[in-house]
file run29.txt (compact mmCIF, C-alpha atoms)
# COMPACT_ATOMS: atom_id res chain seq x y z
CA MET G 1 192.57 101.76 94.00
CA THR G 2 194.76 100.17 96.69
CA GLU G 3 194.53 96.55 97.82
CA ASP G 4 192.76 97.62 101.01
CA GLU G 5 189.97 99.40 99.17
CA ALA G 6 186.79 97.45 98.51
CA PRO G 7 184.68 97.86 95.39
CA GLY G 8 181.34 99.47 95.94
CA GLU G 9 182.59 102.27 98.22
CA ASP G 10 182.72 105.97 97.29
CA ASP G 11 186.45 105.92 96.63
CA THR G 12 186.11 103.30 93.89
CA VAL G 13 185.56 106.16 91.47
CA ASN G 14 188.85 106.89 89.77
CA SER G 15 190.01 109.21 87.01
CA VAL G 16 191.19 107.67 83.77
CA ALA G 17 194.72 108.49 82.70
CA GLY G 18 195.72 109.51 79.22
CA GLY G 19 193.67 112.63 78.57
CA PHE G 20 190.40 111.57 80.20
CA ALA G 21 190.80 113.41 83.48
CA SER G 22 187.06 113.96 83.81
CA LEU G 23 185.89 110.53 82.62
CA SER G 24 185.56 108.59 85.86
CA ILE G 25 185.18 104.85 86.18
CA ILE G 26 183.00 102.88 88.54
CA GLY G 27 185.10 99.92 89.65
CA VAL G 28 182.31 97.83 91.13
CA ALA G 29 181.57 94.19 90.47
CA ALA G 30 178.51 93.94 88.29
CA GLY G 31 176.77 91.40 90.46
CA GLU G 32 176.99 93.32 93.75
CA GLY G 33 173.97 94.79 95.42
CA GLY G 34 173.76 97.45 98.07
CA GLU G 35 171.62 99.21 100.63
CA SER G 36 169.62 102.25 99.58
CA LYS G 37 168.12 105.17 101.39
CA SER G 38 165.23 105.58 99.00
CA GLY G 39 162.81 108.41 99.31
CA ALA G 40 160.19 106.13 97.79
CA SER G 41 160.76 103.09 99.97
CA ASN G 42 157.04 102.54 100.49
CA SER G 43 156.29 102.08 96.80
CA LYS G 44 154.92 98.71 95.69
CA LYS G 45 157.31 98.42 92.75
CA ASP G 46 160.97 98.51 93.70
CA PRO G 47 163.45 98.66 90.79
CA ARG G 48 166.31 97.93 93.21
CA THR G 49 165.28 94.28 93.44
CA ILE G 50 166.55 93.56 89.91
CA ALA G 51 169.36 96.12 89.83
CA ARG G 52 172.94 95.10 89.10
CA GLY G 53 175.75 96.27 91.35
CA TYR G 54 177.18 98.78 88.90
CA GLN G 55 173.71 100.23 88.33
CA LEU G 56 173.26 100.84 92.04
CA GLU G 57 176.72 102.40 92.28
CA LEU G 58 176.11 104.74 89.35
CA CYS G 59 172.73 105.70 90.83
CA LYS G 60 174.53 106.54 94.06
CA LYS G 61 176.86 108.88 92.17
CA ALA G 62 173.87 110.45 90.40
CA LEU G 63 172.37 111.32 93.79
CA GLU G 64 175.54 113.21 94.68
CA GLU G 65 176.09 115.17 91.46
CA ASN G 66 175.00 115.61 87.86
CA ILE G 67 176.35 112.70 85.83
CA ILE G 68 176.35 111.25 82.31
CA VAL G 69 176.40 107.47 82.07
CA TYR G 70 178.52 106.29 79.14
CA MET G 71 177.88 102.60 78.50
CA GLY G 72 177.13 100.41 75.51
CA THR G 73 173.69 99.43 74.25
CA GLY G 74 172.04 96.82 76.45
CA CYS G 75 174.02 97.64 79.62
CA GLY G 76 170.97 98.95 81.46
CA LYS G 77 171.35 102.73 81.35
CA THR G 78 167.58 103.28 81.46
CA HIS G 79 167.28 101.19 84.61
CA ILE G 80 169.80 103.48 86.31
CA ALA G 81 167.50 106.39 85.42
CA VAL G 82 164.56 104.46 86.87
CA LEU G 83 166.56 103.81 90.06
CA LEU G 84 167.31 107.53 90.32
CA MET G 85 163.62 108.38 89.95
CA HIS G 86 162.86 105.88 92.70
CA GLU G 87 165.46 107.41 95.02
CA LEU G 88 164.15 110.94 94.39
CA GLY G 89 160.55 109.88 94.76
CA HIS G 90 160.08 112.07 97.85
CA LEU G 91 160.58 115.11 95.57
CA ILE G 92 158.33 113.89 92.76
CA LYS G 93 155.45 111.96 94.33
CA LYS G 94 152.18 113.78 94.92
CA PRO G 95 151.32 115.99 96.74
CA GLN G 96 154.67 117.48 95.71
CA LYS G 97 154.34 119.94 92.82
CA ASN G 98 157.73 119.10 91.32
CA ILE G 99 158.12 116.68 88.44
CA CYS G 100 160.65 114.49 86.68
CA VAL G 101 161.14 115.17 82.96
CA PHE G 102 162.53 112.34 80.85
CA LEU G 103 163.62 113.54 77.40
CA ALA G 104 163.88 111.18 74.42
CA PRO G 105 164.77 112.40 70.91
CA THR G 106 162.06 110.51 68.96
CA VAL G 107 158.36 109.72 69.31
CA ALA G 108 159.09 105.99 69.31
CA LEU G 109 161.59 106.35 72.17
CA VAL G 110 159.12 108.46 74.15
CA GLN G 111 156.56 105.67 73.99
CA GLN G 112 159.14 102.96 74.70
CA GLN G 113 160.71 104.67 77.71
CA ALA G 114 157.33 105.63 79.16
CA ARG G 115 156.34 101.95 79.15
CA VAL G 116 159.58 101.00 80.92
CA ILE G 117 158.99 103.59 83.64
CA GLU G 118 155.36 102.52 84.14
CA GLU G 119 156.36 98.86 84.38
CA SER G 120 159.20 99.53 86.82
CA THR G 121 157.72 102.15 89.16
CA ASP G 122 154.47 103.42 90.66
CA PHE G 123 154.87 106.91 89.21
CA LYS G 124 152.06 108.41 87.17
CA VAL G 125 153.55 108.86 83.70
CA GLY G 126 152.44 111.28 80.98
CA THR G 127 153.76 111.21 77.40
CA TYR G 128 154.15 114.24 75.15
CA SER G 129 155.25 114.15 71.52
CA GLY G 130 154.22 115.32 68.08
CA ASN G 131 152.34 118.60 68.07
CA SER G 132 150.75 118.23 71.52
CA ARG G 133 148.07 120.54 70.18
CA ARG G 134 145.82 119.80 73.12
CA LEU G 135 148.26 121.62 75.43
CA ARG G 136 148.05 125.26 74.40
CA SER G 137 147.60 127.14 77.66
CA HIS G 138 148.79 127.35 81.25
CA GLN G 139 145.50 125.77 82.34
CA ASP G 140 146.10 122.77 80.10
CA TRP G 141 149.55 122.18 81.58
CA GLU G 142 148.31 122.73 85.14
CA LYS G 143 146.00 119.75 84.61
CA GLU G 144 148.98 117.67 83.51
CA PHE G 145 150.92 118.72 86.60
CA ALA G 146 147.99 117.72 88.79
CA GLN G 147 147.72 114.30 87.16
CA TYR G 148 151.27 113.15 86.39
CA GLU G 149 154.61 112.90 88.20
CA VAL G 150 156.92 111.86 85.38
CA PHE G 151 156.71 113.64 82.02
CA VAL G 152 158.26 111.69 79.13
CA MET G 153 158.58 113.96 76.11
CA THR G 154 160.56 114.92 73.07
CA PRO G 155 162.97 117.83 73.66
CA GLN G 156 161.04 120.06 71.24
CA ILE G 157 158.01 119.87 73.53
CA LEU G 158 160.01 120.87 76.61
CA LEU G 159 161.80 123.67 74.75
CA ARG G 160 158.49 125.05 73.50
CA SER G 161 156.92 124.76 76.97
CA LEU G 162 159.85 126.52 78.62
CA ASN G 163 159.68 129.30 76.04
CA HIS G 164 155.98 129.86 76.84
CA CYS G 165 156.55 129.41 80.60
CA PHE G 166 154.11 126.47 80.64
CA ILE G 167 156.87 124.57 82.44
CA ARG G 168 159.49 126.28 84.61
CA MET G 169 162.94 124.83 85.17
CA GLU G 170 162.67 125.26 88.95
CA LEU G 171 159.66 122.88 88.99
CA ILE G 172 161.75 120.05 87.54
CA SER G 173 163.45 118.01 90.25
CA LEU G 174 165.07 115.51 87.87
CA LEU G 175 165.88 116.14 84.20
CA ILE G 176 166.95 113.07 82.21
CA PHE G 177 168.51 113.18 78.75
CA ASP G 178 168.28 109.94 76.76
CA GLU G 179 170.86 109.76 73.95
CA CYS G 180 172.41 112.89 75.43
CA HIS G 181 175.30 112.94 72.93
CA HIS G 182 173.13 115.33 70.90
CA ALA G 183 173.78 118.00 73.54
CA GLN G 184 176.98 119.49 72.11
CA VAL G 185 178.08 123.07 72.84
CA ARG G 186 178.17 124.06 69.16
CA SER G 187 174.91 122.32 68.33
CA ASN G 188 171.47 123.88 67.88
CA HIS G 189 169.77 120.62 68.87
CA PRO G 190 166.87 121.17 71.32
CA TYR G 191 168.91 119.42 74.03
CA ALA G 192 171.58 122.09 73.65
CA GLU G 193 169.06 124.93 73.49
CA ILE G 194 167.35 123.80 76.69
CA MET G 195 170.62 123.87 78.62
CA LYS G 196 172.04 127.03 77.04
CA VAL G 197 168.92 129.15 77.52
CA PHE G 198 167.11 127.77 80.56
CA TYR G 199 169.63 126.07 82.84
CA ASP G 200 170.72 129.21 84.64
CA SER G 201 173.20 128.56 87.42
CA SER G 202 172.05 131.76 89.17
CA LEU G 203 168.70 130.14 89.93
CA THR G 204 168.30 129.03 93.52
CA LYS G 205 166.65 125.77 92.47
CA LEU G 206 167.89 123.64 89.57
CA PRO G 207 167.07 120.06 88.58
CA ARG G 208 169.40 117.13 89.02
CA ILE G 209 170.79 116.29 85.54
CA PHE G 210 171.19 112.69 84.41
CA GLY G 211 172.39 111.87 80.89
CA MET G 212 172.69 108.55 79.05
CA THR G 213 174.70 107.72 75.94
CA ALA G 214 176.27 104.74 74.22
CA SER G 215 178.58 107.04 72.25
CA PRO G 216 179.54 110.59 73.29
CA VAL G 217 180.61 111.37 69.72
CA VAL G 218 177.87 112.38 67.28
CA GLY G 219 177.95 112.78 63.50
CA LYS G 220 181.05 112.32 61.35
CA GLY G 221 183.99 110.78 63.13
CA ALA G 222 181.82 108.94 65.64
CA SER G 223 184.15 105.95 65.50
CA ASP G 224 187.31 108.05 65.77
CA GLN G 225 188.80 107.76 69.26
CA GLU G 226 190.63 111.07 68.78
CA ASN G 227 187.27 112.87 68.92
CA LEU G 228 186.26 111.25 72.21
CA PRO G 229 187.97 113.62 74.71
CA ARG G 230 186.66 116.72 72.93
CA SER G 231 183.11 115.36 72.77
CA ILE G 232 183.18 114.31 76.41
CA ASN G 233 184.33 117.79 77.47
CA SER G 234 181.60 119.36 75.36
CA LEU G 235 178.94 117.15 76.94
CA GLU G 236 180.18 117.81 80.44
CA ASN G 237 180.32 121.58 79.95
CA LEU G 238 176.85 121.83 78.46
CA LEU G 239 175.09 119.45 80.83
CA HIS G 240 177.05 120.64 83.89
CA ALA G 241 177.83 117.00 84.60
CA LYS G 242 180.62 114.43 84.80
CA VAL G 243 180.86 111.41 82.52
CA TYR G 244 181.04 108.03 84.26
CA SER G 245 181.42 104.51 82.94
CA VAL G 246 182.13 100.99 84.23
CA GLU G 247 185.69 99.74 84.39
CA ASN G 248 185.16 95.99 84.63
CA GLN G 249 184.07 94.99 81.11
CA VAL G 250 184.26 91.29 82.04
CA GLU G 251 181.56 91.84 84.64
CA LEU G 252 179.43 93.74 82.13
CA GLU G 253 179.61 90.84 79.71
CA ARG G 254 177.98 88.63 82.34
CA PHE G 255 174.79 90.55 81.57
CA VAL G 256 175.33 91.86 78.05
CA ALA G 257 176.28 89.40 75.33
CA SER G 258 178.66 90.71 72.69
CA PRO G 259 177.04 90.33 69.27
CA LYS G 260 178.62 88.41 66.44
CA ILE G 261 178.82 90.81 63.51
CA ASN G 262 178.45 89.67 59.91
CA VAL G 263 178.82 92.21 57.11
CA TYR G 264 176.68 91.69 54.00
CA CYS G 265 177.20 93.78 50.89
CA PHE G 266 174.66 94.96 48.36
CA HIS G 267 174.83 97.38 45.45
CA PRO G 268 171.79 99.64 45.04
CA ASP G 269 170.59 100.43 41.53
CA ILE G 270 169.19 103.95 41.74
CA ASN G 271 168.63 104.10 37.96
CA MET G 272 165.67 101.71 38.23
CA ILE G 273 163.63 104.26 40.21
CA SER G 274 164.97 107.51 38.73
CA SER G 275 161.88 108.05 36.54
CA ILE G 276 159.57 107.64 39.55
CA CYS G 277 161.69 110.04 41.59
CA LYS G 278 161.20 112.61 38.82
CA LYS G 279 157.41 112.15 38.95
CA LEU G 280 157.36 112.67 42.71
CA GLU G 281 159.59 115.73 42.29
CA GLU G 282 157.10 117.19 39.80
CA ILE G 283 154.20 116.63 42.18
CA LYS G 284 156.11 118.30 44.98
CA SER G 285 157.39 121.28 42.98
CA GLN G 286 154.73 122.04 40.39
CA GLN G 287 151.52 121.08 42.18
CA CYS G 288 152.27 121.60 45.85
CA VAL G 289 155.05 124.14 46.36
CA LEU G 290 153.70 126.45 43.65
CA SER G 291 150.23 126.37 45.21
CA LEU G 292 151.70 127.74 48.42
CA ARG G 293 152.42 131.03 46.64
CA ARG G 294 148.73 131.48 45.94
CA LYS G 295 147.68 131.01 49.56
CA ASP G 296 146.81 133.94 51.82
CA GLU G 297 148.03 132.36 55.05
CA ASP G 298 150.68 133.99 57.23
CA HIS G 299 154.35 133.61 56.36
CA ARG G 300 155.11 131.37 59.35
CA THR G 301 152.44 128.84 58.35
CA LEU G 302 153.55 128.83 54.71
CA LEU G 303 157.20 128.32 55.66
CA SER G 304 156.35 125.55 58.12
CA THR G 305 154.14 123.79 55.55
CA LYS G 306 156.85 123.97 52.92
CA LYS G 307 159.45 122.53 55.29
CA LEU G 308 157.13 119.69 56.25
CA LEU G 309 156.32 118.97 52.61
CA LEU G 310 160.01 118.79 51.70
CA ARG G 311 160.64 116.55 54.69
CA MET G 312 157.88 114.16 53.64
CA HIS G 313 159.17 114.08 50.08
CA ASP G 314 162.68 113.25 51.30
CA LYS G 315 161.28 110.46 53.47
CA LEU G 316 159.48 108.91 50.51
CA ILE G 317 162.60 109.03 48.35
CA PHE G 318 164.58 107.49 51.21
CA SER G 319 162.00 104.71 51.56
CA MET G 320 162.04 104.05 47.82
CA GLU G 321 165.84 103.90 47.65
CA ASN G 322 166.18 101.67 50.72
CA LEU G 323 163.02 99.55 50.51
CA GLY G 324 161.75 99.80 46.94
CA LEU G 325 158.43 100.93 45.44
CA TRP G 326 156.34 98.85 47.79
CA GLY G 327 158.12 100.25 50.85
CA ALA G 328 157.52 103.82 49.66
CA LEU G 329 153.86 103.00 49.06
CA GLN G 330 153.57 101.63 52.60
CA ALA G 331 155.19 104.83 53.91
CA CYS G 332 152.47 106.84 52.12
CA HIS G 333 149.76 104.69 53.68
CA ILE G 334 151.27 105.08 57.16
CA LEU G 335 151.48 108.87 56.84
CA LEU G 336 147.89 109.04 55.52
CA SER G 337 146.47 106.71 58.16
CA GLY G 338 144.47 107.76 61.19
CA ASP G 339 147.44 107.09 63.47
CA PHE G 340 149.49 110.28 63.27
CA ALA G 341 152.43 109.10 65.41
CA GLU G 342 154.74 108.83 62.39
CA ARG G 343 153.62 112.15 60.94
CA ASN G 344 153.95 113.87 64.31
CA GLU G 345 157.57 112.78 64.47
CA LEU G 346 158.18 114.47 61.12
CA MET G 347 156.38 117.59 62.32
CA GLU G 348 158.36 117.96 65.56
CA ALA G 349 160.77 120.54 64.18
CA GLU G 350 158.05 122.50 62.40
CA GLY G 351 155.70 123.07 65.31
CA SER G 352 151.91 123.13 64.86
CA ALA G 353 151.64 125.89 62.24
CA SER G 354 151.81 123.74 59.09
CA ASP G 355 148.87 123.07 56.77
CA ASP G 356 148.08 119.35 56.76
CA ARG G 357 145.83 119.55 53.71
CA LEU G 358 148.62 120.29 51.27
CA CYS G 359 150.71 117.46 52.69
CA ASP G 360 147.74 115.11 52.32
CA LYS G 361 147.40 116.21 48.70
CA TYR G 362 151.04 115.38 48.02
CA LEU G 363 150.79 112.01 49.75
CA ASP G 364 147.58 111.13 47.89
CA GLN G 365 149.14 111.86 44.51
CA ALA G 366 152.42 110.15 45.38
CA SER G 367 150.47 107.10 46.53
CA CYS G 368 148.65 106.95 43.18
CA VAL G 369 151.95 107.09 41.26
CA LEU G 370 153.53 104.36 43.37
CA ALA G 371 150.43 102.14 43.25
CA SER G 372 150.29 102.52 39.47
CA GLU G 373 153.92 101.43 39.17
CA CYS G 374 153.28 98.43 41.40
CA MET G 375 150.35 97.38 39.18
CA LYS G 376 152.45 97.24 36.01
CA ASP G 377 153.53 93.61 36.39
CA GLY G 378 150.25 92.48 37.85
CA ILE G 379 151.33 92.79 41.46
CA GLY G 380 148.07 94.47 42.41
CA SER G 381 147.27 95.72 45.88
CA ASP G 382 147.87 92.45 47.74
CA ILE G 383 151.53 91.76 48.40
CA SER G 384 150.71 88.19 49.43
CA CYS G 385 150.14 87.43 45.73
CA VAL G 386 153.79 88.08 44.92
CA GLU G 387 155.63 84.80 44.44
CA VAL G 388 158.98 86.19 43.34
CA LEU G 389 160.46 89.29 45.00
CA LYS G 390 162.31 91.51 42.57
CA GLU G 391 163.40 95.05 41.81
CA PRO G 392 162.24 97.78 41.65
CA TYR G 393 159.31 96.73 43.84
CA PHE G 394 161.76 95.67 46.51
CA SER G 395 165.21 97.22 46.88
CA ARG G 396 168.39 95.19 46.77
CA LYS G 397 168.93 96.12 50.39
CA LEU G 398 165.59 94.66 51.42
CA LEU G 399 166.02 91.60 49.19
CA ARG G 400 169.39 91.00 50.81
CA LEU G 401 167.82 91.24 54.25
CA ILE G 402 165.03 88.84 53.29
CA GLY G 403 167.62 86.40 52.03
CA ILE G 404 169.49 86.57 55.34
CA LEU G 405 166.38 86.19 57.49
CA SER G 406 165.01 83.38 55.32
CA THR G 407 167.82 81.20 56.64
CA PHE G 408 166.11 81.52 60.05
CA ARG G 409 162.66 80.75 58.63
CA ASP G 410 162.07 77.81 60.95
CA LEU G 411 163.80 79.37 63.94
CA GLU G 412 162.72 81.88 66.53
CA LEU G 413 164.72 85.07 66.18
CA GLY G 414 165.41 86.24 69.72
CA LYS G 415 166.83 89.57 68.69
CA ILE G 416 167.11 91.60 65.53
CA ILE G 417 169.20 94.67 66.21
CA GLY G 418 169.36 97.36 63.57
CA ASN G 419 168.57 100.87 62.59
CA ALA G 420 165.14 102.38 63.01
CA GLU G 421 164.73 102.37 59.23
CA PHE G 422 164.49 98.57 59.32
CA SER G 423 161.12 98.72 61.09
CA THR G 424 159.42 99.00 57.72
CA ASP G 425 161.60 96.16 56.42
CA LEU G 426 160.35 93.95 59.23
CA TYR G 427 156.76 95.01 58.58
CA LEU G 428 157.06 93.98 54.94
CA LEU G 429 158.63 90.68 55.97
CA ASN G 430 155.69 90.05 58.26
CA LEU G 431 153.34 90.54 55.30
CA GLN G 432 155.37 87.98 53.40
CA GLY G 433 154.59 85.35 56.01
CA PHE G 434 157.95 85.04 57.74
CA SER G 435 157.49 83.75 61.27
CA TYR G 436 159.76 85.44 63.79
CA GLN G 437 159.84 87.43 67.00
CA SER G 438 161.78 90.67 66.94
CA LYS G 439 163.16 92.99 69.57
CA VAL G 440 164.47 96.05 67.80

call {"tool": "encode", "arguments": {"input": "run29.txt", "output": "structure tokens"}}
result
Amino acid sequence: MTEDEAPGEDDTVNSVAGGFASLSIIGVAAGEGGESKSGASNSKKDPRTIARGYQLELCKKALEENIIVYMGTGCGKTHIAVLLMHELGHLIKKPQKNICVFLAPTVALVQQQARVIEESTDFKVGTYSGNSRRLRSHQDWEKEFAQYEVFVMTPQILLRSLNHCFIRMELISLLIFDECHHAQVRSNHPYAEIMKVFYDSSLTKLPRIFGMTASPVVGKGASDQENLPRSINSLENLLHAKVYSVENQVELERFVASPKINVYCFHPDINMISSICKKLEEIKSQQCVLSLRRKDEDHRTLLSTKKLLLRMHDKLIFSMENLGLWGALQACHILLSGDFAERNELMEAEGSASDDRLCDKYLDQASCVLASECMKDGIGSDISCVEVLKEPYFSRKLLRLIGILSTFRDLELGKIIGNAEFSTDLYLLNLQGFSYQSKV
């Protein structure tokens, strides 16, 4: 950029030297606003009113070409997607037959992002996750098209719908990939499958692509800067898009506070729960998996049920190792409860062909084993009776977390940022009577 060039104009987009020829940078001051030629200017809710300058500039680029926004957590990537929906409203709003599809990799993110879109815009938003068993025919999906303008869904749902021609790529005006780093050329992730199979450049009508990621590198080596150029190229090739970020980190920090990181160590003792793991393994292998061989159902259903059963077993073992016996027991109760959101997330990869009854049998028996173990020291069924937290009922990891949070017992916790696995930790802490507010 020369001294005569002003930030906020088209030519503020520059290439980054040093091997990142395709990673462009938006050099706009974060506090700047800008005029917009919105196709939805008559809407009551206008997301532009609270937009930051760099968000407006990135939205402008997204109107011109397919882009991937690469910014850290908390920088407002989702609001850029909302701005783009607003600008393309003339293509999405009824009576138009085209839609916007917002893809999120988990059930929880589907619900979260749908709420953000509903709060920020006037679009009619439908959510699709889990089995979506109610949508089995073209007629079912035609009703959804008639009712909704923005479809927020897990990628498995879109992939399945494209395979059955319930949804056609040419009817999607805007296709948004949340956490798009999963879309790697060599990956078999549903994001990758959608683009490889159905985004055909020979089609006369293709959706605008908008991707969001806080880290283009996925899996091992995610923190290795040497992997960054290769991952960026892979993302760009698969999504037919360019990666953009924001150059002025000082301006970003005006809106996004850098966290202070403290590292706390703990040493898990797996031996304390090894005998219980063996009991759960016996239930899974001898009583459940073997019974599958005696069933007369089709091979696809049997295979899907077995995969789901193994997945549930692995989740319980994970809960026990990371949370303790009580956490694993709570996981059983959640999966057996009437709210199937958690189970649906497990079933995403297996489709709707699995047999729930066998999984319920496993969970029932596993719950009995875990409850029996929790009763040994007189804990009973009410966790509020526990005066001293100890292993193996609570893992060292969870006890360490409780110890940390107990120092804030009389304070309001504005933010607790962590992995999704800590949601159960926080639930258990709530049962223990800790008073806090969390934003995970």

call {"tool": "closest_residue", "arguments": {"input": "run29.txt", "among": "G:Ala108, G:Leu238, G:Ser319, G:Trp141", "to": "G:Phe198", "atoms": "all atoms listed in the file"}}
result
G:Leu238

call {"tool": "closest_residue", "arguments": {"input": "run29.txt", "among": "G:Tyr244, G:Phe166, G:Tyr191, G:Tyr54", "to": "G:Val69", "atoms": "only C-alpha atoms"}}
result
G:Tyr244

call {"tool": "atom_distance", "arguments": {"input": "run29.txt", "atom1": "atom CA of G:Gly72", "atom2": "atom CA of G:Val250"}}
result
13.3 Å

call {"tool": "atom_distance", "arguments": {"input": "run29.txt", "atom1": "atom CA of G:Ile273", "atom2": "atom CA of G:Gly327"}}
result
12.6 Å

call {"tool": "closest_residue", "arguments": {"input": "run29.txt", "among": "G:Lys196, G:Lys397, G:His181, G:Lys307", "to": "G:Val243", "atoms": "all atoms listed in the file"}}
result
G:His181

call {"tool": "atom_distance", "arguments": {"input": "run29.txt", "atom1": "atom CA of G:Arg48", "atom2": "atom CA of G:Ser120"}}
result
9.7 Å

call {"tool": "closest_residue", "arguments": {"input": "run29.txt", "among": "G:Cys277, G:Glu179, G:His267, G:His90", "to": "G:Lys315", "atoms": "only C-alpha atoms"}}
result
G:Cys277

call {"tool": "residues_around", "arguments": {"input": "run29.txt", "residues": "G:Gln112", "least_positions_apart": "3", "cutoff": "12 Å", "atoms": "all atoms listed in the file", "output": "list in words"}}
result
Thr78, Phe102, Leu103, Ala104, Pro105, Thr106, Val107, Ala108, Leu109, Arg115, Val116, Ile117, Glu118, Glu119, Thr127, Val152, Met153, Asp178, Lys439 and Val440 of chain G

call {"tool": "closest_residue", "arguments": {"input": "run29.txt", "among": "G:Phe123, G:Tyr70, G:Phe394, G:Phe266", "to": "G:Leu329", "atoms": "all atoms listed in the file"}}
result
G:Phe394

call {"tool": "build_atoms", "arguments": {"input": "run29.txt", "residues": "stretch 115-127 of chain G", "atoms": "N, CA and C atoms", "output": "PDB file, in the coordinates of the input"}}
result
ATOM      1  N   ARG G 115     156.782 103.292  78.741  1.00  0.00           N
ATOM      2  CA  ARG G 115     156.340 101.950  79.150  1.00  0.00           C
ATOM      3  C   ARG G 115     157.287 101.346  80.172  1.00  0.00           C
ATOM      4  N   VAL G 116     158.592 101.541  79.970  1.00  0.00           N
ATOM      5  CA  VAL G 116     159.580 101.000  80.920  1.00  0.00           C
ATOM      6  C   VAL G 116     159.372 101.608  82.306  1.00  0.00           C
ATOM      7  N   ILE G 117     159.166 102.907  82.360  1.00  0.00           N
ATOM      8  CA  ILE G 117     158.990 103.590  83.640  1.00  0.00           C
ATOM      9  C   ILE G 117     157.706 103.117  84.332  1.00  0.00           C
ATOM     10  N   GLU G 118     156.634 102.979  83.568  1.00  0.00           N
ATOM     11  CA  GLU G 118     155.360 102.520  84.140  1.00  0.00           C
ATOM     12  C   GLU G 118     155.467 101.092  84.661  1.00  0.00           C
ATOM     13  N   GLU G 119     156.218 100.254  83.954  1.00  0.00           N
ATOM     14  CA  GLU G 119     156.360  98.860  84.380  1.00  0.00           C
ATOM     15  C   GLU G 119     157.278  98.708  85.586  1.00  0.00           C
ATOM     16  N   SER G 120     158.181  99.664  85.774  1.00  0.00           N
ATOM     17  CA  SER G 120     159.200  99.530  86.820  1.00  0.00           C
ATOM     18  C   SER G 120     158.897 100.312  88.084  1.00  0.00           C
ATOM     19  N   THR G 121     157.988 101.275  88.007  1.00  0.00           N
ATOM     20  CA  THR G 121     157.720 102.150  89.160  1.00  0.00           C
ATOM     21  C   THR G 121     156.215 102.364  89.323  1.00  0.00           C
ATOM     22  N   ASP G 122     155.869 103.055  90.405  1.00  0.00           N
ATOM     23  CA  ASP G 122     154.470 103.420  90.660  1.00  0.00           C
ATOM     24  C   ASP G 122     154.170 104.859  90.273  1.00  0.00           C
ATOM     25  N   PHE G 123     155.100 105.523  89.603  1.00  0.00           N
ATOM     26  CA  PHE G 123     154.870 106.910  89.210  1.00  0.00           C
ATOM     27  C   PHE G 123     153.765 107.010  88.159  1.00  0.00           C
ATOM     28  N   LYS G 124     153.069 108.108  88.200  1.00  0.00           N
ATOM     29  CA  LYS G 124     152.060 108.410  87.170  1.00  0.00           C
ATOM     30  C   LYS G 124     152.779 109.082  86.003  1.00  0.00           C
ATOM     31  N   VAL G 125     152.730 108.456  84.838  1.00  0.00           N
ATOM     32  CA  VAL G 125     153.550 108.860  83.700  1.00  0.00           C
ATOM     33  C   VAL G 125     152.700 109.454  82.590  1.00  0.00           C
ATOM     34  N   GLY G 126     153.080 110.646  82.144  1.00  0.00           N
ATOM     35  CA  GLY G 126     152.440 111.280  80.980  1.00  0.00           C
ATOM     36  C   GLY G 126     153.406 111.333  79.818  1.00  0.00           C
ATOM     37  N   THR G 127     152.907 111.167  78.595  1.00  0.00           N
ATOM     38  CA  THR G 127     153.760 111.210  77.400  1.00  0.00           C
ATOM     39  C   THR G 127     153.362 112.395  76.530  1.00  0.00           C
TER      40      THR G 127
END
